[in-house]
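Q: For reference, the file work.txt (compact mmCIF, C-alpha atoms and all ligand atoms) is included below:
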```txt
# COMPACT_ATOMS: atom_id res chain seq x y z
CA MET E 202 12.48 0.54 23.13
CA ALA E 203 13.34 4.07 21.99
CA LEU E 204 10.76 4.40 19.23
CA THR E 205 6.98 4.16 19.42
CA LEU E 206 4.87 4.56 16.28
CA TYR E 207 1.21 5.44 16.59
CA SER E 208 -0.21 4.10 13.37
CA HIS E 209 -2.66 1.93 11.53
CA PRO E 210 -1.57 -0.72 9.00
CA PHE E 211 -4.25 0.27 6.44
CA SER E 212 -3.26 3.96 6.38
CA SER E 213 -1.25 5.13 3.38
CA TYR E 214 0.77 7.65 5.39
CA CYS E 215 1.52 5.02 8.04
CA GLN E 216 2.72 2.63 5.36
CA LYS E 217 5.04 5.37 4.09
CA VAL E 218 6.83 5.41 7.47
CA LEU E 219 6.63 1.62 7.94
CA ILE E 220 8.50 1.16 4.66
CA ALA E 221 11.31 3.38 5.98
CA LEU E 222 11.45 1.43 9.26
CA TYR E 223 11.40 -1.94 7.48
CA GLU E 224 14.07 -0.88 4.96
CA ASN E 225 16.52 -0.52 7.86
CA ASP E 226 15.09 -3.13 10.20
CA THR E 227 14.70 -0.34 12.75
CA PRO E 228 13.15 -1.67 15.97
CA PHE E 229 10.03 0.15 17.18
CA THR E 230 6.91 -0.44 19.25
CA PRO E 231 3.69 -0.05 17.26
CA VAL E 232 0.57 1.38 18.87
CA LEU E 233 -2.47 0.36 16.82
CA LEU E 234 -4.79 3.32 16.36
CA GLU E 235 -8.09 1.55 16.82
CA GLY E 236 -10.59 2.40 19.52
CA PRO E 237 -11.18 5.48 21.69
CA GLU E 238 -8.28 4.90 24.09
CA ALA E 239 -5.62 4.80 21.39
CA MET E 240 -7.21 7.81 19.64
CA ALA E 241 -7.15 9.76 22.93
CA GLU E 242 -3.45 8.92 23.30
CA LEU E 243 -2.90 10.22 19.78
CA GLU E 244 -4.83 13.42 20.49
CA ALA E 245 -2.75 14.02 23.61
CA LEU E 246 0.35 13.89 21.40
CA TRP E 247 -1.01 15.85 18.43
CA SER E 248 -4.27 17.72 18.78
CA LEU E 249 -4.84 17.66 14.99
CA LYS E 250 -5.05 13.87 15.26
CA ARG E 251 -3.28 13.16 11.98
CA PHE E 252 -1.21 10.01 11.95
CA PRO E 253 1.28 8.39 12.07
CA VAL E 254 3.09 10.02 14.98
CA LEU E 255 6.50 8.87 16.16
CA VAL E 256 7.69 9.22 19.74
CA ASP E 257 11.45 9.00 20.15
CA HIS E 258 12.67 9.00 23.77
CA GLY E 259 9.70 11.19 24.72
CA LYS E 260 10.05 13.57 21.74
CA THR E 261 6.99 13.68 19.48
CA VAL E 262 7.78 13.74 15.76
CA ILE E 263 4.97 14.62 13.34
CA GLU E 264 4.57 14.54 9.52
CA THR E 265 5.73 11.51 7.61
CA SER E 266 8.50 13.19 5.59
CA VAL E 267 9.93 14.69 8.79
CA ILE E 268 9.62 11.35 10.60
CA ILE E 269 11.62 9.65 7.85
CA GLU E 270 14.22 12.44 7.90
CA HIS E 271 14.34 12.10 11.71
CA LEU E 272 14.99 8.36 11.42
CA GLY E 273 17.84 9.06 8.99
CA VAL E 274 19.43 11.57 11.38
CA PHE E 275 18.93 9.82 14.73
CA HIS E 276 18.53 6.13 13.81
CA PRO E 277 20.49 5.71 10.58
CA GLY E 278 20.78 2.29 9.01
CA PRO E 279 22.53 0.95 5.94
CA MET E 280 19.72 2.18 3.64
CA ARG E 281 20.06 5.97 3.29
CA LEU E 282 16.63 7.22 2.24
CA ILE E 283 17.81 10.82 1.78
CA PRO E 284 21.03 11.09 -0.19
CA ASP E 285 24.01 12.90 1.34
CA ASP E 286 24.50 14.88 -1.87
CA PRO E 287 22.38 18.07 -1.45
CA ALA E 288 21.31 18.26 -5.11
CA GLU E 289 20.25 14.61 -5.13
CA ALA E 290 18.44 15.17 -1.82
CA LEU E 291 16.45 18.03 -3.39
CA GLU E 292 15.21 15.73 -6.15
CA VAL E 293 14.17 13.16 -3.53
CA ARG E 294 12.31 15.79 -1.48
CA TRP E 295 10.62 17.19 -4.58
CA MET E 296 9.35 13.76 -5.64
CA ASP E 297 8.22 13.06 -2.07
CA ARG E 298 6.18 16.29 -2.19
CA PHE E 299 4.81 15.31 -5.61
CA PHE E 300 3.47 11.99 -4.32
CA ASP E 301 1.98 13.42 -1.12
CA ASN E 302 0.45 16.53 -2.69
CA TYR E 303 -0.57 15.42 -6.18
CA VAL E 304 -1.31 11.69 -5.74
CA GLY E 305 -2.06 11.10 -2.04
CA THR E 306 -4.08 14.29 -1.52
CA PRO E 307 -6.49 13.91 -4.50
CA GLN E 308 -6.80 10.18 -3.79
CA GLY E 309 -7.77 10.99 -0.21
CA ARG E 310 -10.29 13.59 -1.39
CA VAL E 311 -12.16 10.96 -3.40
CA VAL E 312 -12.13 8.43 -0.56
CA PHE E 313 -13.10 10.88 2.20
CA ASN E 314 -15.94 12.16 0.05
CA ALA E 315 -17.34 8.62 0.00
CA ILE E 316 -17.51 8.45 3.81
CA ARG E 317 -19.23 11.83 4.22
CA PRO E 318 -22.89 11.77 5.15
CA GLU E 319 -25.29 12.00 2.20
CA GLY E 320 -26.01 15.66 1.50
CA HIS E 321 -22.46 16.70 2.44
CA ARG E 322 -20.79 15.06 -0.52
CA ASP E 323 -18.87 17.12 -3.06
CA PRO E 324 -19.12 15.67 -6.60
CA TYR E 325 -17.40 18.73 -8.08
CA GLY E 326 -14.46 18.21 -5.72
CA VAL E 327 -14.30 14.54 -6.73
CA THR E 328 -14.19 15.48 -10.43
CA GLU E 329 -11.39 17.96 -9.71
CA ALA E 330 -9.46 15.37 -7.68
CA LYS E 331 -9.74 12.76 -10.45
CA ALA E 332 -8.57 15.32 -13.02
CA MET E 333 -5.56 16.02 -10.79
CA LEU E 334 -4.79 12.29 -10.59
CA ASP E 335 -5.01 11.99 -14.40
CA LYS E 336 -2.51 14.84 -14.82
CA ALA E 337 -0.24 13.39 -12.14
CA TYR E 338 -0.27 9.92 -13.79
CA ALA E 339 0.53 11.39 -17.22
CA TRP E 340 3.38 13.54 -15.86
CA LEU E 341 4.80 10.67 -13.82
CA ASP E 342 4.70 8.35 -16.82
CA GLY E 343 7.15 10.64 -18.63
CA VAL E 344 9.43 10.91 -15.58
CA MET E 345 9.52 7.15 -14.97
CA ALA E 346 10.45 6.36 -18.59
CA ASP E 347 14.13 6.25 -17.62
CA ARG E 348 14.05 5.82 -13.85
CA GLU E 349 13.95 2.69 -11.76
CA TRP E 350 12.95 4.55 -8.59
CA ALA E 351 11.21 7.88 -8.16
CA ALA E 352 14.33 10.01 -7.90
CA GLY E 353 16.67 7.90 -10.02
CA SER E 354 18.51 4.64 -9.45
CA ALA E 355 18.40 4.55 -5.62
CA PHE E 356 15.37 3.72 -3.48
CA SER E 357 14.56 6.77 -1.31
CA LEU E 358 12.07 8.72 0.79
CA ALA E 359 10.23 9.50 -2.46
CA ASP E 360 9.54 5.79 -3.03
CA CYS E 361 8.28 5.43 0.55
CA ALA E 362 5.66 8.04 -0.38
CA ALA E 363 4.99 6.70 -3.87
CA ALA E 364 4.29 3.11 -2.85
CA PRO E 365 1.13 3.53 -0.75
CA HIS E 366 -0.14 6.55 -2.68
CA LEU E 367 0.06 4.83 -6.07
CA PHE E 368 -1.29 1.63 -4.52
CA TYR E 369 -4.49 3.29 -3.28
CA ALA E 370 -4.72 5.78 -6.16
CA ASP E 371 -4.97 2.90 -8.62
CA TRP E 372 -7.81 1.44 -6.55
CA THR E 373 -9.54 4.81 -6.37
CA HIS E 374 -9.11 6.10 -9.92
CA PRO E 375 -7.32 3.48 -12.04
CA ILE E 376 -4.04 4.41 -13.67
CA PRO E 377 -4.73 4.29 -17.45
CA ALA E 378 -3.21 1.35 -19.35
CA GLU E 379 -1.26 3.75 -21.56
CA CYS E 380 0.73 4.91 -18.49
CA ALA E 381 2.84 1.76 -18.80
CA ASN E 382 5.82 3.28 -16.97
CA VAL E 383 3.67 4.09 -13.95
CA HIS E 384 2.20 0.59 -13.93
CA ALA E 385 5.70 -0.93 -14.13
CA TYR E 386 6.89 1.32 -11.30
CA ARG E 387 3.87 0.39 -9.16
CA ARG E 388 4.71 -3.29 -9.74
CA ARG E 389 8.36 -2.70 -8.72
CA LEU E 390 7.13 -1.04 -5.53
CA LEU E 391 4.82 -3.98 -4.77
CA ALA E 392 7.77 -6.36 -5.19
CA ARG E 393 9.96 -4.39 -2.77
CA PRO E 394 10.07 -6.48 0.46
CA SER E 395 9.49 -3.49 2.78
CA PHE E 396 6.30 -2.47 0.94
CA ALA E 397 5.18 -6.08 0.35
CA ARG E 398 5.30 -6.51 4.14
CA ALA E 399 3.23 -3.35 4.73
CA VAL E 400 0.67 -4.49 2.13
CA ASP E 401 0.43 -7.92 3.77
CA GLU E 402 -0.05 -6.41 7.23
CA ALA E 403 -2.90 -4.26 5.86
CA ARG E 404 -4.74 -7.15 4.15
CA PRO E 405 -7.02 -7.94 7.12
CA PHE E 406 -8.34 -4.34 6.94
CA ARG E 407 -9.28 -4.18 3.26
CA HIS E 408 -12.95 -4.10 4.11
CA TYR E 409 -12.28 -0.58 5.52
CA PHE E 410 -11.79 0.80 1.99
CA PRO E 411 -14.87 2.98 1.48
CA LEU E 412 -15.06 2.52 -2.29
CA GLY E 413 -14.84 -1.29 -2.00
CA ALA E 414 -11.38 -2.83 -2.31
CA PRO E 415 -10.74 -4.59 -5.62
CA ASP E 416 -9.75 -8.24 -5.50
CA ARG E 417 -6.10 -7.52 -6.28
CA ASP E 418 -3.09 -5.59 -4.96
N1 LIG S 501 0.71 15.33 5.96
C1 LIG S 501 0.46 14.29 6.91
C2 LIG S 501 -0.76 13.49 6.48
C3 LIG S 501 -1.16 12.45 7.50
C4 LIG S 501 -2.59 11.97 7.26
O1 LIG S 501 -3.42 12.66 6.65
N2 LIG S 501 -2.87 10.77 7.78
C5 LIG S 501 -4.21 10.25 7.69
C6 LIG S 501 -4.15 8.74 7.78
S1 LIG S 501 -3.60 8.04 6.24
C7 LIG S 501 -5.03 10.76 8.84
O2 LIG S 501 -4.49 11.17 9.83
N3 LIG S 501 -6.35 10.73 8.70
C8 LIG S 501 -7.21 11.10 9.77
C9 LIG S 501 -8.17 12.17 9.36
O3 LIG S 501 -8.05 12.69 8.24
O4 LIG S 501 -8.99 12.52 10.21
C10 LIG S 501 1.71 13.40 7.05
O5 LIG S 501 2.49 13.32 6.09
O6 LIG S 501 1.94 12.84 8.13
```
Would you mind writing the file out in structure tokens?
A:
Amino acid sequence: MALTLYSHPFSSYCQKVLIALYENDTPFTPVLLEGPEAMAELEALWSLKRFPVLVDHGKTVIETSVIIEHLGVFHPGPMRLIPDDPAEALEVRWMDRFFDNYVGTPQGRVVFNAIRPEGHRDPYGVTEAKAMLDKAYAWLDGVMADREWAAGSAFSLADCAAAPHLFYADWTHPIPAECANVHAYRRRLLARPSFARAVDEARPFRHYFPLGAPDRD
């Protein structure tokens, strides 16, 4: 098979790429990143050891947004996750950056702080990260007032990013009830078959969540 994805089902960034693959039923071979052997394979491909990593006919493709763009260029399917129209594509890329940088990154800061050894924790950083999430939720609530998907009426790369980031962000620092548009959007994402499949595949790993996974999606 042409495509191999080094990934883990519980990882938000891996789910971002899995959604894109599932949207188009793109065949690929998964390599589960558990255990020293798989991690050594990953390190041989990408010394920074961030995942997922895609290998396409021997070419290593790194960074989730680039992986999804790569799939659109070299393995296109009926679902176009980056619009052909350049102006529409800019909106998609901007919202993808928003979810990675201002939802996924602060969410990760809170979670990674929890797995640091005692004495190396950073409560000030956690407070800053939660404040960033609050601002991101409030901003997004306004944007989603008249949008079905992150960049408008079509499901896109931006929704691939939004789905896992909002999923785990709500577990980490709950989205306030008054952000009703964000809650409704998160529910639409959970109902999307590609993301529902990724969530189901990650269920057996919920005990990995360092803050304690809530008993809900
Ligand atoms: N900007 C990267 C982020 C990837 C990333 O941070 N992945 C996490 C897994 S969700 C990871 O590699 N964590 C390992 C670590 O931080 O050591 C991308 O979009 O691919």
Q: Taking every listed atom of stretch 398-413 of chain E and adding 8 Å to each side, what centre and edge lengths in Å (one decimal) does the axis-aligned box have, as lines of an AutoDock Vina configuration file?
A:
```
center_x = -4.9
center_y = -2.5
center_z = 2.5
size_x = 36.4
size_y = 26.9
size_z = 25.5
```
Q: Got a sec: who's within 6 Å of stretch 347-360 of chain E, counting only C-alpha atoms, leaving out chain neighbours fewer than 6 positions off, as a PyMOL selection string?
A: chain E and resi 282+293+296-297
Q: Quick one: residues within 7 Å of ligand LIG 501 (chain S), with all atoms listed in the file, as a list in words?
A: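 For ligand LIG 501 (chain S), the residues inside 7 Å are Ser212, Ser213, Tyr214, Cys215, Lys250, Arg251, Phe252, Pro253, Ile263, Glu264, Thr265 and Ser266 of chain E.
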Q: Residues within 12 Å of E:Arg404, please, as a ChimeraX atom specification. Count all atoms listed in the file; anything in the same chain fewer than 2 positions from it doesn't count.
A: /E:209-212,397-402,406-410,414-418
Q: Just the selected residues (C-alpha atoms), exported as a PDB file, in the coordinates of the input, please.
A:
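The result, stored in out07.pdb:
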```
ATOM      1  CA  HIS E 209      -2.660   1.930  11.530  1.00  0.00           C
ATOM      2  CA  PRO E 210      -1.570  -0.720   9.000  1.00  0.00           C
ATOM      3  CA  PHE E 211      -4.250   0.270   6.440  1.00  0.00           C
ATOM      4  CA  SER E 212      -3.260   3.960   6.380  1.00  0.00           C
ATOM      5  CA  ALA E 397       5.180  -6.080   0.350  1.00  0.00           C
ATOM      6  CA  ARG E 398       5.300  -6.510   4.140  1.00  0.00           C
ATOM      7  CA  ALA E 399       3.230  -3.350   4.730  1.00  0.00           C
ATOM      8  CA  VAL E 400       0.670  -4.490   2.130  1.00  0.00           C
ATOM      9  CA  ASP E 401       0.430  -7.920   3.770  1.00  0.00           C
ATOM     10  CA  GLU E 402      -0.050  -6.410   7.230  1.00  0.00           C
ATOM     11  CA  PHE E 406      -8.340  -4.340   6.940  1.00  0.00           C
ATOM     12  CA  ARG E 407      -9.280  -4.180   3.260  1.00  0.00           C
ATOM     13  CA  HIS E 408     -12.950  -4.100   4.110  1.00  0.00           C
ATOM     14  CA  TYR E 409     -12.280  -0.580   5.520  1.00  0.00           C
ATOM     15  CA  PHE E 410     -11.790   0.800   1.990  1.00  0.00           C
ATOM     16  CA  ALA E 414     -11.380  -2.830  -2.310  1.00  0.00           C
ATOM     17  CA  PRO E 415     -10.740  -4.590  -5.620  1.00  0.00           C
ATOM     18  CA  ASP E 416      -9.750  -8.240  -5.500  1.00  0.00           C
ATOM     19  CA  ARG E 417      -6.100  -7.520  -6.280  1.00  0.00           C
ATOM     20  CA  ASP E 418      -3.090  -5.590  -4.960  1.00  0.00           C
TER      21      ASP E 418
END
```
Q: Would you mind telling me which residue in E:Ser208, E:Ser248, E:Gln216, E:Thr306 lies nearest to E:Leu234 when using only C-alpha atoms?
A: E:Ser208
Q: Go through E:His276, E:Arg322, E:His374, E:Arg298 one by one, measure the shortest atom-to-atom distance of each to E:Asp335 using only C-alpha atoms, and give the residue with the smallest value.
A: E:His374
Q: To one decimal in Å, tell me the separation between atom CA of E:Leu219 and atom CA of E:Cys380.
A: 27.3 Å
Q: Between atom CA of E:Val254 and atom CA of E:Glu270, what is the distance, to one decimal in Å?
A: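 Going from atom CA of E:Val254 over to atom CA of E:Glu270, I get 13.4 Å.
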Q: Which residue out of E:Val383, E:Asp226, E:Cys361, E:Ile316 has the minimum interatomic distance to E:Ile269 when all atoms listed in the file are used?
A: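 Answer, going by the shortest atom-to-atom distance: E:Cys361.
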Q: What does the structure give for the distance between atom CA of E:Leu391 and atom CA of E:Asp257, in Å to one decimal?
A: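 So the two atoms, atom CA of E:Leu391 and atom CA of E:Asp257, lie 28.9 Å apart.
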Q: Would you please work out which residue, of E:Phe313, E:Tyr325, E:Tyr303, E:Tyr338, is nearest to E:Leu412 when using all atoms listed in the file?
A: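 Residue with the minimum atom-to-atom distance to E:Leu412: E:Phe313.
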Q: Env of E:Ser395: 9 Å cut, atoms = all atoms listed in the file, seq-sep filter 6 positions within chain, self excluded. Answer as a PyMOL selection string.
A: chain E and resi 219-224
